[in-house]
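> Could you have a look at this structure, given as structure tokens, before my questions?
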Amino acid sequence: MGLSWGFISRRLFTLNTGHAITAYFGYLKGYETIEESIKDEVIYDFVKKAMIESGKGLIAKYNFDEEAHYKYINKIIDRFKNPYLKDDVARVGREPLRKLNENDRLIKPLITARGFNINTDNLLLGVGAALHYDNKEDAQSVQLQSLINEKGIKESLAEISKISGDTDVLDKVEKYYDEVKKLIGA
């Protein structure tokens, strides 16, 4: 008997969402590892809030036990802090176009939570950080930055994520793209 889609979604949109957002914030602040990044109190606060927003969407959609899910979030964050897991920010952040796809770890939890009228400001901030990812050794990062230079934030995100009809999301991501470095102290 396999895992249900709800529990697969929980892993994908809790662990993977938090992991990616930690990487993008860490990248902006010049950290090398996920451990370094999550130990930054500002990053920790934004990542935990983003994971809670994603979690609220999962709780609403799959009727998860709220307390158990929040314990799961804390367990995942503790894993990010593990000094024996040398998780490189560049490895976790690689392939940003895939991570910004409509069915992946940044956009799917955002759209799910918004579908239940859940505040998603921290998830939006994480998407704004992802759009800053500029790693010359990552072909998707190079492609992303080229697309942004050519079309701007909103049009690029609409093309990548297929959420072009939701101008509120695009407007907010553009706002957070402009503010993320200041907000995290980068």
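Here, A, B, ... name the chains of the structure tokens in the order displayed, residue numbers run from 1 inside each chain, and ligands are numbered from 1 in the same displayed order.
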May I have a table of the residues of range 4-85 of chain A lying at most 9 Å from range 117-135 of chain A, giving each one's closest pair of atoms and their distance in Å to one decimal, counting only C-alpha atoms, ordered by chain and ascending residue number, as JSON lines?

```
{"residue": "A:Thr17", "atom": "CA", "partner": "A:Leu123", "partner_atom": "CA", "distance": 8.7}
{"residue": "A:Ala20", "atom": "CA", "partner": "A:Ala130", "partner_atom": "CA", "distance": 8.2}
{"residue": "A:Ile21", "atom": "CA", "partner": "A:Gly126", "partner_atom": "CA", "distance": 5.2}
{"residue": "A:Thr22", "atom": "CA", "partner": "A:Gly126", "partner_atom": "CA", "distance": 8.3}
{"residue": "A:Ala23", "atom": "CA", "partner": "A:Ala130", "partner_atom": "CA", "distance": 8.6}
{"residue": "A:Tyr24", "atom": "CA", "partner": "A:Ala130", "partner_atom": "CA", "distance": 5.4}
{"residue": "A:Phe25", "atom": "CA", "partner": "A:Ala129", "partner_atom": "CA", "distance": 6.2}
{"residue": "A:Tyr27", "atom": "CA", "partner": "A:Tyr133", "partner_atom": "CA", "distance": 7.3}
{"residue": "A:Leu28", "atom": "CA", "partner": "A:Ala129", "partner_atom": "CA", "distance": 7.5}
{"residue": "A:Phe46", "atom": "CA", "partner": "A:Asn122", "partner_atom": "CA", "distance": 6.1}
{"residue": "A:Val47", "atom": "CA", "partner": "A:Asn122", "partner_atom": "CA", "distance": 7.4}
{"residue": "A:Lys48", "atom": "CA", "partner": "A:Asn122", "partner_atom": "CA", "distance": 8.8}
{"residue": "A:Lys49", "atom": "CA", "partner": "A:Asn122", "partner_atom": "CA", "distance": 6.1}
{"residue": "A:Ala50", "atom": "CA", "partner": "A:Asn122", "partner_atom": "CA", "distance": 4.7}
{"residue": "A:Met51", "atom": "CA", "partner": "A:Leu123", "partner_atom": "CA", "distance": 7.9}
{"residue": "A:Glu53", "atom": "CA", "partner": "A:Thr120", "partner_atom": "CA", "distance": 5.9}
{"residue": "A:Ser54", "atom": "CA", "partner": "A:Leu123", "partner_atom": "CA", "distance": 7.5}
{"residue": "A:Lys56", "atom": "CA", "partner": "A:Ile118", "partner_atom": "CA", "distance": 7.2}
{"residue": "A:Gly57", "atom": "CA", "partner": "A:Ile118", "partner_atom": "CA", "distance": 7.1}
```
> Rounded to one decimal, what separation in Å do you get between CA of Ile107 in chain A and CA of Phe13 in chain A?
9.6 Å
> Closest to Lys61 in chain A among A:Asp138, A:Ile111, A:Lys99, A:Tyr177, using only C-alpha atoms?
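Among the listed residues, A:Ile111 lies closest to Lys61 in chain A.
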> As a tab-separated table (two decimals) with N, CA and C atoms, in the first residue's frame, please: the residues near Thr167 in chain A (cut-off 12 Å, only C-alpha atoms, same-chain neighbours under 2 positions excluded).

```
chain	number	residue	atom	x	y	z
A	153	ILE	N	9.64	41.03	-14.28
A	153	ILE	CA	9.25	40.05	-13.26
A	153	ILE	C	7.89	39.44	-13.55
A	154	LYS	N	6.88	40.25	-13.69
A	154	LYS	CA	5.51	39.73	-13.80
A	154	LYS	C	5.33	38.86	-15.04
A	155	GLU	N	5.77	39.32	-16.17
A	155	GLU	CA	5.59	38.55	-17.40
A	155	GLU	C	6.41	37.26	-17.37
A	157	LEU	N	7.33	35.52	-14.61
A	157	LEU	CA	6.69	34.58	-13.69
A	157	LEU	C	5.41	34.01	-14.29
A	158	ALA	N	4.65	34.83	-14.98
A	158	ALA	CA	3.43	34.35	-15.63
A	158	ALA	C	3.76	33.25	-16.64
A	162	LYS	N	2.55	29.78	-15.19
A	162	LYS	CA	1.21	29.66	-15.78
A	162	LYS	C	0.13	30.29	-14.89
A	163	ILE	N	0.48	31.29	-14.07
A	163	ILE	CA	-0.52	31.95	-13.22
A	163	ILE	C	-0.83	33.35	-13.73
A	164	SER	N	-0.74	33.53	-15.01
A	164	SER	CA	-0.89	34.86	-15.60
A	164	SER	C	-2.24	35.51	-15.33
A	165	GLY	N	-3.27	34.71	-15.12
A	165	GLY	CA	-4.58	35.30	-14.89
A	165	GLY	C	-4.74	35.95	-13.52
A	169	VAL	N	-1.34	38.02	-7.57
A	169	VAL	CA	-0.13	37.26	-7.26
A	169	VAL	C	1.07	37.89	-7.96
A	170	LEU	N	0.92	38.18	-9.22
A	170	LEU	CA	2.04	38.75	-9.99
A	170	LEU	C	2.45	40.11	-9.43
A	171	ASP	N	1.48	40.94	-9.09
A	171	ASP	CA	1.79	42.26	-8.51
A	171	ASP	C	2.52	42.11	-7.18
A	172	LYS	N	2.05	41.19	-6.34
A	172	LYS	CA	2.68	40.99	-5.03
A	172	LYS	C	4.07	40.41	-5.16
A	173	VAL	N	4.26	39.46	-6.07
A	173	VAL	CA	5.59	38.89	-6.26
A	173	VAL	C	6.55	39.97	-6.75
A	174	GLU	N	6.09	40.82	-7.66
A	174	GLU	CA	6.95	41.90	-8.13
A	174	GLU	C	7.34	42.83	-6.97
```
> If you run DSSP on the backbone, which residues of range 26-185 of chain A are alpha helix (DSSP H), as an NGL selection string?
:A and (26-29 or 34-39 or 41-62 or 66-80 or 89-93 or 96-99 or 107-115 or 121-130 or 139-161 or 167-184)
> For a quick check of understanding, using only C-alpha atoms, which of A:Gly18, A:Glu32, A:Tyr176, A:Ile184 has the smallest distance to Arg91 in chain A?
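Result for the nearest residue to Arg91 in chain A: A:Glu32.
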> Restricting the calculation to only C-alpha atoms: of A:His19, A:Lys39, A:Lys151, A:Arg114, which residue gets closest to Val89 in chain A?
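Between A:His19, A:Lys39, A:Lys151, A:Arg114, the residue approaching Val89 in chain A most closely is A:His19.
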> For Gly55 in chain A, please output as a ChimeraX atom specification all residues within 10 Å (counting only C-alpha atoms; exclusion window: fewer than 6 positions along the same chain).
/A:10,13-14,49,61,64,66,69-70,72-73,109,112-113
> Under the rule that only C-alpha atoms are counted, which of A:Ile52, A:Ala90, A:Val42, A:Leu12 is the nearest residue to Asn74 in chain A?
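Ranking A:Ile52, A:Ala90, A:Val42, A:Leu12 by distance to Asn74 in chain A, first place goes to A:Ile52.
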> Using only C-alpha atoms, which of the listed residues (A:Ile43, A:Leu110, A:Leu15, A:Ile76) sits closest to Leu183 in chain A?
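Distance minimum relative to Leu183 in chain A lands on A:Ile43.
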